[in-house]
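Some notes on the structure that comes next.
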Amino acid sequence: MKPTQRIERHTTAVEVARILRQRILGGHYKEGEFLRQEAIAQELGVSRIPVREALAILEAEGFAQREQYRGTVIPQLSLKEIEEIYKLRSMIEPYLLEQALLNITQETIDKVQELIESSKNCSDLNGWGELNFALHKTLYKPANMPLTMQILDQLLVRADRYLRMQRYLSTEILKESDGEHQHILDLIKDGRHKDAVDALRKHIAWNEDDVRQTYESALEGRY
């Protein structure tokens, strides 16, 4: 049975999102369960507009997922999927970087540096995520391996739900990740290509560990 909790009508979508987020993390909504706008609006004593906006916020954070023609659902998340995603990333991305470094140009290096600087100055969590994906894809583009990049894109889409939750619950991860990206690029600039690939492997392993810890902490209700 869902908890009864009414709020004042002037409550913003942010407040509605906060309540729903707490319920998701607290296990009141189960994975695979749909969030019905009308029922939530009636229970909380608000119109459907802030509820709809709140669901969009949760979707952007990775706590909910929009399914066409069906509505908003609590996504299926698992530690097993995290392990599989990062196992594949650790195999594919270093290989892509190795191949890309054979053809890398100053133009690509400058573009990656640009993305890192934009990322450092980005305060929007979702905007940061887009810059992060763009950085990785820009770095690997000189490999000229479209099929492998397509596979990586699919992995990143699967990882995105966990990464959104990670960014929301662990904002310090942004600074650490920016620092690691800069370190990898600095090694490339110095011509230390093998060290750059090794640093990428460590970066992916570090990111997996943090995603895993963030997810486990959320399940334990620490947030």
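Ordering of the structure tokens sets the chain letters (A, B, ...); residue numbers start at 1 within each chain; ligands are numbered from 1 in the order shown.
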
Name the residues in contact with segment 150-166 of chain A at a cut-off of 6 Å, using only C-alpha atoms, excluding same-chain residues fewer than 4 positions from it; report them as a list in words.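 Surrounding residues, per the criterion: Glu61, Gly62, Ser170, Val211 and Thr214 of chain A.
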
Residues just named, written with N, CA and C atoms as a tab-separated table (two decimals), in the first residue's frame:
```tsv
chain	number	residue	atom	x	y	z
A	61	GLU	N	16.83	12.15	-14.45
A	61	GLU	CA	17.76	11.69	-13.41
A	61	GLU	C	17.99	10.18	-13.46
A	62	GLY	N	17.18	9.47	-14.24
A	62	GLY	CA	17.35	8.02	-14.34
A	62	GLY	C	16.49	7.23	-13.39
A	170	SER	N	25.72	11.55	-6.37
A	170	SER	CA	27.14	11.70	-6.06
A	170	SER	C	27.73	12.79	-6.94
A	211	VAL	N	29.62	3.70	-9.62
A	211	VAL	CA	28.23	3.44	-10.00
A	211	VAL	C	27.66	2.33	-9.11
A	214	THR	N	27.11	3.68	-5.59
A	214	THR	CA	25.97	4.60	-5.57
A	214	THR	C	24.66	3.83	-5.61
```

Taking the backbone alone, and naming residues the way the document does, which bits of chain A are alpha helix (DSSP H) by DSSP, as an MDAnalysis selection string? chainID A and resid 13:26 37:44 48:61 79:101 106:120 125:140 146:169 172:189 193:219

Strand (DSSP E) residues, from DSSP on the backbone, in segment 35-89 of chain A, as a PyMOL selection string: chain A and resi 35+65-67+71-73

Counting only C-alpha atoms, what are the residues of segment 64-153 of chain A within 7 Å of segment 190-201 of chain A, and for each of them which pair of atoms is the nearest and at what distance in Å, to one decimal? Sort the table by chain and rising number, as JSON lines.
```
{"residue": "A:Ser90", "atom": "CA", "partner": "A:Arg201", "partner_atom": "CA", "distance": 6.1}
{"residue": "A:Pro94", "atom": "CA", "partner": "A:Val197", "partner_atom": "CA", "distance": 5.7}
{"residue": "A:Leu97", "atom": "CA", "partner": "A:Val197", "partner_atom": "CA", "distance": 6.6}
{"residue": "A:Glu98", "atom": "CA", "partner": "A:Val197", "partner_atom": "CA", "distance": 6.7}
```

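With atom CA of Arg66 of chain A on one side and atom CA of Leu35 of chain A on the other, the separation reads 10.0 Å.
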
Restricting the calculation to only C-alpha atoms, which member of A:Val16, A:Lys189, A:Arg21, A:Thr148 is positioned closest to Arg48 of chain A? A:Val16

Can you tell me which residues surround Cys122 of chain A at a distance of at most 12 Å, considering only C-alpha atoms, apart from same-chain residues fewer than 6 positions away, and format the answer as an mmCIF file with N, CA, C and O atoms, in the first residue's frame?
```
data_model
loop_
_atom_site.group_PDB
_atom_site.id
_atom_site.type_symbol
_atom_site.label_atom_id
_atom_site.label_comp_id
_atom_site.auth_asym_id
_atom_site.auth_seq_id
_atom_site.Cartn_x
_atom_site.Cartn_y
_atom_site.Cartn_z
ATOM 1 N N LEU A 115 35.824 20.119 -24.918
ATOM 2 C CA LEU A 115 34.733 19.428 -24.233
ATOM 3 C C LEU A 115 35.012 19.286 -22.737
ATOM 4 O O LEU A 115 34.105 19.398 -21.909
ATOM 5 N N ILE A 116 36.281 19.026 -22.396
ATOM 6 C CA ILE A 116 36.650 18.924 -20.978
ATOM 7 C C ILE A 116 36.430 20.256 -20.276
ATOM 8 O O ILE A 116 35.877 20.309 -19.165
ATOM 9 N N TRP A 128 26.035 17.918 -18.367
ATOM 10 C CA TRP A 128 27.341 17.312 -18.110
ATOM 11 C C TRP A 128 27.414 15.913 -18.715
ATOM 12 O O TRP A 128 28.419 15.531 -19.317
ATOM 13 N N GLY A 129 26.338 15.163 -18.573
ATOM 14 C CA GLY A 129 26.310 13.816 -19.121
ATOM 15 C C GLY A 129 26.447 13.807 -20.630
ATOM 16 O O GLY A 129 27.153 12.967 -21.200
ATOM 17 N N GLU A 130 25.790 14.742 -21.286
ATOM 18 C CA GLU A 130 25.883 14.833 -22.745
ATOM 19 C C GLU A 130 27.306 15.176 -23.181
ATOM 20 O O GLU A 130 27.825 14.631 -24.162
ATOM 21 N N LEU A 131 27.949 16.072 -22.426
ATOM 22 C CA LEU A 131 29.333 16.430 -22.734
ATOM 23 C C LEU A 131 30.266 15.237 -22.518
ATOM 24 O O LEU A 131 31.215 15.025 -23.287
ATOM 25 N N ASN A 132 29.978 14.459 -21.494
ATOM 26 C CA ASN A 132 30.793 13.281 -21.190
ATOM 27 C C ASN A 132 30.738 12.276 -22.336
ATOM 28 O O ASN A 132 31.776 11.756 -22.785
ATOM 29 N N THR A 171 27.431 14.046 -6.621
ATOM 30 C CA THR A 171 27.859 15.158 -7.477
ATOM 31 C C THR A 171 29.378 15.323 -7.514
ATOM 32 O O THR A 171 29.914 15.882 -8.483
ATOM 33 N N LEU A 174 31.523 14.268 -10.635
ATOM 34 C CA LEU A 174 31.728 15.090 -11.829
ATOM 35 C C LEU A 174 33.146 15.646 -11.867
ATOM 36 O O LEU A 174 33.834 15.567 -12.886
ATOM 37 N N LYS A 175 33.586 16.219 -10.758
ATOM 38 C CA LYS A 175 34.929 16.796 -10.694
ATOM 39 C C LYS A 175 35.996 15.721 -10.865
ATOM 40 O O LYS A 175 37.007 15.921 -11.553
ATOM 41 N N ASP A 178 36.087 14.647 -14.537
ATOM 42 C CA ASP A 178 36.741 15.673 -15.351
ATOM 43 C C ASP A 178 38.260 15.590 -15.200
ATOM 44 O O ASP A 178 39.009 15.712 -16.172
#
```

Got a sec: who's within 6 Å of segment 25-33 of chain A, counting only C-alpha atoms, leaving out chain neighbours fewer than 2 positions off, as JSON, numbers by chain? {"A": [22, 23, 73, 74, 75, 76, 218]}

7 Å contact set for Ala54 of chain A, only C-alpha atoms, chain neighbours under 5 positions out, as number ranges by chain: A: 13-14, 16-17

Mind writing the picked residues with N, CA and C atoms as a PDB file, in the first residue's frame?
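So the final result, stored in out_9.pdb, reads:
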```
ATOM      1  N   ALA A  13       6.821  21.416  -9.093  1.00  0.00           N
ATOM      2  CA  ALA A  13       7.149  20.111  -9.641  1.00  0.00           C
ATOM      3  C   ALA A  13       8.383  19.531  -8.968  1.00  0.00           C
ATOM      4  N   VAL A  14       9.297  20.408  -8.543  1.00  0.00           N
ATOM      5  CA  VAL A  14      10.517  19.952  -7.860  1.00  0.00           C
ATOM      6  C   VAL A  14      10.170  19.238  -6.564  1.00  0.00           C
ATOM      7  N   VAL A  16       7.247  17.762  -5.859  1.00  0.00           N
ATOM      8  CA  VAL A  16       6.592  16.506  -6.223  1.00  0.00           C
ATOM      9  C   VAL A  16       7.652  15.475  -6.607  1.00  0.00           C
ATOM     10  N   ALA A  17       8.647  15.908  -7.384  1.00  0.00           N
ATOM     11  CA  ALA A  17       9.726  15.000  -7.778  1.00  0.00           C
ATOM     12  C   ALA A  17      10.475  14.486  -6.558  1.00  0.00           C
TER      13      ALA A  17
END
```

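With only C-alpha atoms as the atoms that count, the minimum distance from Ala134 of chain A to the choices A:Lys80, A:Lys111, A:His203, A:Lys120 is reached by A:Lys111.
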
Taking only C-alpha atoms into account, which of A:Leu79, A:Leu102, A:Tyr140, A:His183 comes nearest Glu216 of chain A? A:Leu79

List as a PDB file with N, CA, C and O atoms, in the first residue's frame the protein and nucleic acid residues near Leu185 of chain A, meaning an atom at most 8 Å away when only C-alpha atoms are counted, but skip any in the same chain fewer than 5 places from it.
```
ATOM      1  N   ILE A 109      42.423  16.503 -30.643  1.00  0.00           N
ATOM      2  CA  ILE A 109      42.915  16.817 -29.298  1.00  0.00           C
ATOM      3  C   ILE A 109      42.329  18.138 -28.802  1.00  0.00           C
ATOM      4  O   ILE A 109      41.886  18.249 -27.653  1.00  0.00           O
ATOM      5  N   VAL A 112      38.624  17.664 -27.917  1.00  0.00           N
ATOM      6  CA  VAL A 112      38.453  16.963 -26.638  1.00  0.00           C
ATOM      7  C   VAL A 112      38.755  17.912 -25.482  1.00  0.00           C
ATOM      8  O   VAL A 112      38.038  17.930 -24.470  1.00  0.00           O
ATOM      9  N   GLN A 113      39.798  18.722 -25.600  1.00  0.00           N
ATOM     10  CA  GLN A 113      40.131  19.692 -24.560  1.00  0.00           C
ATOM     11  C   GLN A 113      38.986  20.697 -24.367  1.00  0.00           C
ATOM     12  O   GLN A 113      38.648  21.058 -23.245  1.00  0.00           O
ATOM     13  N   ALA A 196      48.087   6.255 -21.775  1.00  0.00           N
ATOM     14  CA  ALA A 196      46.745   6.825 -21.930  1.00  0.00           C
ATOM     15  C   ALA A 196      45.696   5.718 -21.975  1.00  0.00           C
ATOM     16  O   ALA A 196      44.627   5.831 -21.358  1.00  0.00           O
TER      17      ALA A 196
END
```

Could you check how far atom CA of Ile24 of chain A sits from atom CA of Gln68 of chain A, in Å to one decimal? 21.1 Å

Pick out the residues sitting within 10 Å of Ile40 of chain A, and hand them over as a compact mmCIF listing (two decimals) with all heavy atoms, in the first residue's frame; count only C-alpha atoms, and ignore anything fewer than 3 positions along from it in its own chain.
```txt
# COMPACT_ATOMS: atom_id res chain seq x y z
N GLN A 5 0.14 10.90 1.58
CA GLN A 5 0.92 12.12 1.80
C GLN A 5 0.37 13.23 0.91
O GLN A 5 0.50 13.17 -0.30
CB GLN A 5 2.40 11.89 1.49
CG GLN A 5 3.30 13.05 1.85
CD GLN A 5 4.76 12.68 1.68
OE1 GLN A 5 5.08 11.62 1.20
NE2 GLN A 5 5.63 13.56 2.10
N ARG A 6 -0.29 14.21 1.50
CA ARG A 6 -0.85 15.32 0.74
C ARG A 6 0.03 16.55 0.92
O ARG A 6 0.62 16.76 1.97
CB ARG A 6 -2.28 15.63 1.18
CG ARG A 6 -3.25 14.49 0.89
CD ARG A 6 -4.68 14.91 1.22
NE ARG A 6 -5.14 15.95 0.31
CZ ARG A 6 -5.66 15.70 -0.88
NH1 ARG A 6 -5.75 14.46 -1.32
NH2 ARG A 6 -6.07 16.69 -1.66
N VAL A 16 7.25 17.76 -5.86
CA VAL A 16 6.59 16.51 -6.22
C VAL A 16 7.65 15.47 -6.61
O VAL A 16 7.58 14.31 -6.19
CB VAL A 16 5.61 16.72 -7.40
CG1 VAL A 16 5.02 15.37 -7.83
CG2 VAL A 16 4.49 17.68 -6.99
N LEU A 20 8.37 11.74 -4.89
CA LEU A 20 8.36 10.51 -5.69
C LEU A 20 9.73 9.84 -5.67
O LEU A 20 9.83 8.61 -5.63
CB LEU A 20 7.95 10.83 -7.13
CG LEU A 20 6.53 11.37 -7.31
CD1 LEU A 20 6.26 11.65 -8.78
CD2 LEU A 20 5.50 10.40 -6.75
N LEU A 35 3.97 4.78 -13.04
CA LEU A 35 3.56 5.91 -12.20
C LEU A 35 2.42 6.63 -12.91
O LEU A 35 2.60 7.22 -13.97
CB LEU A 35 4.74 6.87 -12.01
CG LEU A 35 5.98 6.27 -11.33
CD1 LEU A 35 7.11 7.28 -11.29
CD2 LEU A 35 5.65 5.78 -9.93
N ARG A 36 1.23 6.56 -12.31
CA ARG A 36 0.03 7.12 -12.93
C ARG A 36 -0.17 8.56 -12.49
O ARG A 36 -0.35 8.85 -11.31
CB ARG A 36 -1.18 6.27 -12.57
CG ARG A 36 -1.05 4.80 -12.93
CD ARG A 36 -0.83 4.59 -14.42
NE ARG A 36 -0.69 3.17 -14.77
CZ ARG A 36 -0.35 2.75 -15.97
NH1 ARG A 36 -0.11 3.61 -16.95
NH2 ARG A 36 -0.24 1.45 -16.22
N GLN A 37 -0.13 9.47 -13.48
CA GLN A 37 -0.22 10.90 -13.17
C GLN A 37 -1.48 11.26 -12.39
O GLN A 37 -1.42 11.99 -11.40
CB GLN A 37 -0.19 11.71 -14.48
CG GLN A 37 1.13 11.69 -15.20
CD GLN A 37 1.12 12.59 -16.42
OE1 GLN A 37 0.43 13.60 -16.45
NE2 GLN A 37 1.88 12.22 -17.44
N GLU A 43 -3.64 12.04 -5.00
CA GLU A 43 -3.10 11.73 -3.67
C GLU A 43 -2.38 12.92 -3.05
O GLU A 43 -2.53 13.20 -1.86
CB GLU A 43 -2.15 10.54 -3.75
CG GLU A 43 -1.56 10.16 -2.40
CD GLU A 43 -0.47 9.13 -2.52
OE1 GLU A 43 -0.26 8.59 -3.63
OE2 GLU A 43 0.18 8.88 -1.49
N LEU A 44 -1.58 13.63 -3.87
CA LEU A 44 -0.79 14.74 -3.35
C LEU A 44 -1.56 16.06 -3.33
O LEU A 44 -1.07 17.05 -2.80
CB LEU A 44 0.49 14.89 -4.18
CG LEU A 44 1.46 13.70 -4.15
CD1 LEU A 44 2.70 14.01 -4.97
CD2 LEU A 44 1.84 13.32 -2.73
N GLY A 45 -2.73 16.06 -3.94
CA GLY A 45 -3.55 17.26 -3.91
C GLY A 45 -3.04 18.35 -4.82
O GLY A 45 -3.11 19.54 -4.48
N VAL A 46 -2.51 17.97 -5.99
CA VAL A 46 -2.02 18.94 -6.96
C VAL A 46 -2.64 18.62 -8.31
O VAL A 46 -3.28 17.58 -8.49
CB VAL A 46 -0.49 18.90 -7.08
CG1 VAL A 46 0.16 19.27 -5.75
CG2 VAL A 46 -0.01 17.53 -7.54
N SER A 47 -2.46 19.51 -9.28
CA SER A 47 -2.95 19.24 -10.63
C SER A 47 -2.00 18.28 -11.32
O SER A 47 -0.90 17.99 -10.83
CB SER A 47 -3.06 20.54 -11.43
OG SER A 47 -1.77 21.03 -11.75
N ARG A 48 -2.37 17.83 -12.50
CA ARG A 48 -1.54 16.88 -13.23
C ARG A 48 -0.33 17.55 -13.85
O ARG A 48 0.65 16.87 -14.17
CB ARG A 48 -2.37 16.19 -14.32
CG ARG A 48 -3.46 15.28 -13.75
CD ARG A 48 -4.28 14.65 -14.85
NE ARG A 48 -3.48 13.76 -15.68
CZ ARG A 48 -3.99 13.03 -16.67
NH1 ARG A 48 -5.27 13.10 -16.96
NH2 ARG A 48 -3.19 12.25 -17.38
N VAL A 51 2.81 17.21 -11.74
CA VAL A 51 3.14 15.78 -11.70
C VAL A 51 3.84 15.39 -12.99
O VAL A 51 4.86 14.69 -12.98
CB VAL A 51 1.88 14.92 -11.48
CG1 VAL A 51 2.24 13.42 -11.57
CG2 VAL A 51 1.25 15.22 -10.13
N ARG A 52 3.29 15.85 -14.11
CA ARG A 52 3.91 15.56 -15.40
C ARG A 52 5.34 16.12 -15.47
O ARG A 52 6.27 15.46 -15.94
CB ARG A 52 3.06 16.15 -16.52
CG ARG A 52 3.60 15.81 -17.92
CD ARG A 52 2.57 16.10 -19.01
NE ARG A 52 2.20 17.50 -19.05
CZ ARG A 52 0.99 17.97 -18.73
NH1 ARG A 52 0.04 17.14 -18.33
NH2 ARG A 52 0.72 19.26 -18.81
```
